[in-house]
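Reading through the structure tokens given below for one structure.
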Amino acid sequence: MARWLRPLVGALLLLEGAAALSFLHHRYEELVQALFRVQSQCPYVTRIYSIGRSVEGRHLYVLEFSDYPGIHEPLEPEFKYVGNMHGNEVLGRELLLQLSEFLCEEYRRGNERITRLIHGTRIHIMPSMNPDGYEVAAKQGPDSNGYLTGRNNANGVDLNRNFPDLNTFMYYSREISGPNHHIPLPDNWKSQVEPETLAVIQWISSYNFVLSANLHGGAVVANYPYDKSQDQRFRSHRRTVNTPTPDDKLFQKLAKTYSYAHSWMHRGWNCGDYFADGITNGASWYSLSKGMQDFNYLYTNCFEITLELSCNKFPPEEDLERQWMANREALVAFIEEVHQGIKGMVSDENNNGIAGAVISVQGISHDITSGDMGDYFRLLLPGTYTVTASAEGYQPLTVTTTVGPAAPSLVHFQLKQEVVRKPVERKASGTRMNNKALQKKVVPRATRQGTQR
């Protein structure tokens, strides 16, 4: 009952005063105009920036919503939506434009839910990752667009098969008890990726994103990592080998948040396929190598899922309003999922933030790291956890904390520097200093009395 109640209540909160929006397909110039129109209407809570250019030179624009645009506020999580990665899968592109207009309009109206969301979250919206492919698809139009027309970028590359393959390194690393997060990139990775992919990798390396969704089309299901199967014995493209992450239950919950807030995704039967609860593990559906959602999880702190939103990759304009109404509550509810688990500051004894500190949760073999200011965000399901913060040159600190179903628990870590013991000194006669003298020389009195090791 509760699962159905939350989307209903949220939807009612959004209905009041909802603005009348235009439901049209937007070519590149029209998309840019729409973004700048939103920015001009809500100048104090929005910012537009470009993360780079496509093969044909089109900007990859991002619209940011925040009460302090352009600034990362400590303990305020970063969220992102990415649309139109496949140029001919256009519904996500239009939904993100609608979402941008909606957030701006509802903020101006004083909608408490939207105001709270914008003031407490830094939201980044990229309507199109593949503007060149979209232009190819748009020339064909909804009626004659084929499965592959405009799917790839201008170099003919599928961008969702173009990220460095970190899964293979991770599966091997797991066997030898190696690193379970922030898997390093291969030395020659830049020569293997497209301009759009390079721009996104540099983007997600520059912002400490916590949660993300990548909007696609061709099915109706919320797809979560891993996309690539660990079982390499199968060579065919389509195979069913469930390959869960260490955060599998959390990813299922994130996917269900979207599917049950969506008007019909949760029903399971869509486009001739059936997915229980409207969700699926990516590799269980079919194995996909070098995809973006796995890359986010293995290279950054970001938990990303892929949303397949329509049977028709390029729906006609008369269907856009119905699709917006079906997805509106889900798009907002999913952003709110960034506010769960634990968060806090990792600092030294002088209250200086420690960047790159590792946050480990006992029983979940996937760590995250603190950001440049020392703040961290670890998405977790409700429960009690043993959490350790560690950083080079500091003594690790372990605490036990309980996570509730609502707001994230605030857990700060103040790490003490490791005690560096000097080499044992020897007298000229060769006799060693006695232990009491060595202890007095090396370890400060306060440390000897009360340091937690």
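By order in the structure tokens, chains are A, B, ...; within a chain, residues start at 1; ligands start at 1, following the order shown.
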TODO: Per DSSP on the backbone, filter region 29-113 of chain A down to the residues in strand (DSSP E or B) and report them as a VMD selection string.
DONE: chain A and resid 46 to 53 59 to 65 78 to 83
- [ ] Write out as a count of residues only the residues lying within 12 Å of Pro315 (chain A), counting only C-alpha atoms and excluding same-chain residues fewer than 4 positions away.
- [x] 29
Task: Spatial neighbours of region 262-267 of chain A, 8 Å, only C-alpha atoms, chain gap at least 3 places, as a list in words - done: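 Selected residues are Val220, Val221, Lys256, Tyr258, Ser259, Asn270, Ala276, Asp277, Gly278, Ile279, Ala326, Asn327, Arg328, Glu329 and Ala330 of chain A.
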Listing only residues of region 239-297 of chain A within 10 Å of region 181-194 of chain A, what is the closest atom pair and its distance in Å (to one decimal) for each, using only C-alpha atoms, sorted by chain and residue number ascending, as a tab-separated table?
residue	atom	partner	partner_atom	distance
A:Phe295	CA	A:Ile183	CA	9.3
A:Asn296	CA	A:His182	CA	9.2
A:Tyr297	CA	A:His181	CA	7.8
Task: Nearest candidate to Ile201 (chain A) (options A:Val387, A:Ala406, A:Ile368, A:Met292; using only C-alpha atoms) - done: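 Closest to Ile201 (chain A), using only C-alpha atoms: A:Met292.
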- [ ] Find the residues near Glu349 (chain A): any atom within 9 Å, counting only C-alpha atoms, skip ones fewer than 4 places away on the same chain, and give them as a list in words.
- [x]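 In the requested format, the answer is Gln414, Leu415, Lys416 and Gln417 of chain A.
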Residues from the last selection, C-alpha atoms, saved as a short mmCIF file (atom, residue, chain, number, x, y, z; two decimals), in the first residue's frame:
data_model
loop_
_atom_site.label_atom_id
_atom_site.label_comp_id
_atom_site.auth_asym_id
_atom_site.auth_seq_id
_atom_site.Cartn_x
_atom_site.Cartn_y
_atom_site.Cartn_z
CA GLN A 414 37.42 13.40 12.24
CA LEU A 415 40.58 11.47 11.49
CA LYS A 416 43.76 11.67 13.51
CA GLN A 417 47.13 11.66 11.83
#
Each residue of region 191-300 of chain A with at least one atom at most 12 Å from region 106-126 of chain A should appear once, together with its nearest atom pair and the corresponding distance in Å (one decimal); atoms considered: only C-alpha atoms; ordering: chain, then increasing residue number; output as a Markdown table.
| residue | atom | partner | partner_atom | distance |
| --- | --- | --- | --- | --- |
| A:Val200 | CA | A:Met126 | CA | 10.3 |
| A:Trp203 | CA | A:His124 | CA | 10.9 |
| A:Ile204 | CA | A:His124 | CA | 11.0 |
| A:Tyr207 | CA | A:His124 | CA | 10.2 |
| A:Asn208 | CA | A:Arg122 | CA | 10.6 |
| A:Phe209 | CA | A:Arg122 | CA | 9.3 |
| A:Val210 | CA | A:Arg122 | CA | 10.3 |
| A:Leu211 | CA | A:Ile123 | CA | 10.0 |
| A:Ser212 | CA | A:His124 | CA | 9.4 |
| A:Ala213 | CA | A:Ile125 | CA | 10.1 |
| A:Asn214 | CA | A:Met126 | CA | 9.7 |
| A:Leu215 | CA | A:Met126 | CA | 10.2 |
Task: Picked from region 2-154 of chain A by DSSP as helix (DSSP H, G or I), as a PyMOL selection string - done: chain A and resi 2-15+28-41+91-109+112-120+131-144
Open item on the list: Just checking: using only C-alpha atoms, which residue out of A:Phe303, A:Tyr49, A:His339, A:Asn155 ends up closest to Phe36 (chain A)?
Closed with: A:Tyr49
TODO: Give the answer as one residue: which of A:Leu298, A:Leu307, A:Ile342, A:Cys271 has the shortest atom-to-atom distance to Leu380 (chain A), using only C-alpha atoms?
DONE: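 Residue with the minimum atom-to-atom distance to Leu380 (chain A): A:Ile342.
With distances restricted to only C-alpha atoms, A:Phe377 is the closest residue to Leu75 (chain A) from A:Phe314, A:Tyr299, A:Phe377, A:Phe163.
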Open item on the list: Can you tell me which residues surround Ser100 (chain A) at a distance of at most 8 Å, considering only C-alpha atoms, apart from same-chain residues fewer than 6 positions away, and format the answer as a PyMOL selection string?
Closed with: chain A and resi 35+38+63+125
Open item on the list: Could you check the closest approach to Arg58 (chain A) for each of A:Glu308, A:Glu392, A:Asp132, A:Asp227 and tell me which residue wins, using only C-alpha atoms?
Closed with: A:Asp132
- [ ] Would you kindly return, as a list of chain:residue names, each protein, DNA or RNA residue with an atom no farther than 8 Å from any atom of Ile354 (chain A), considering only C-alpha atoms and excluding same-chain residues fewer than 6 positions away?
- [x]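 Close residues of Ile354 (chain A): A:Val346, A:Ser347, A:Asp348, A:Ser370, A:Asp372, A:Met373, A:Gly374, A:Ala391.
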Expected file: the selected residues, C-alpha atoms, as a PDB file, in the first residue's frame:
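Below is the file result_12.pdb, written as the result:
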ATOM      1  CA  VAL A 346      35.703  13.771   6.646  1.00  0.00           C
ATOM      2  CA  SER A 347      38.143  16.173   8.287  1.00  0.00           C
ATOM      3  CA  ASP A 348      41.418  16.268  10.169  1.00  0.00           C
ATOM      4  CA  SER A 370      34.946  12.067  -0.235  1.00  0.00           C
ATOM      5  CA  ASP A 372      37.244  18.024  -2.792  1.00  0.00           C
ATOM      6  CA  MET A 373      35.775  19.665   0.304  1.00  0.00           C
ATOM      7  CA  GLY A 374      35.821  16.466   2.330  1.00  0.00           C
ATOM      8  CA  ALA A 391      42.766   8.246   4.247  1.00  0.00           C
TER       9      ALA A 391
END
TODO: Give me, please, the distance in Å between CA of Asn153 (chain A) and CA of Thr280 (chain A), quoted to one decimal.
DONE: 26.7 Å
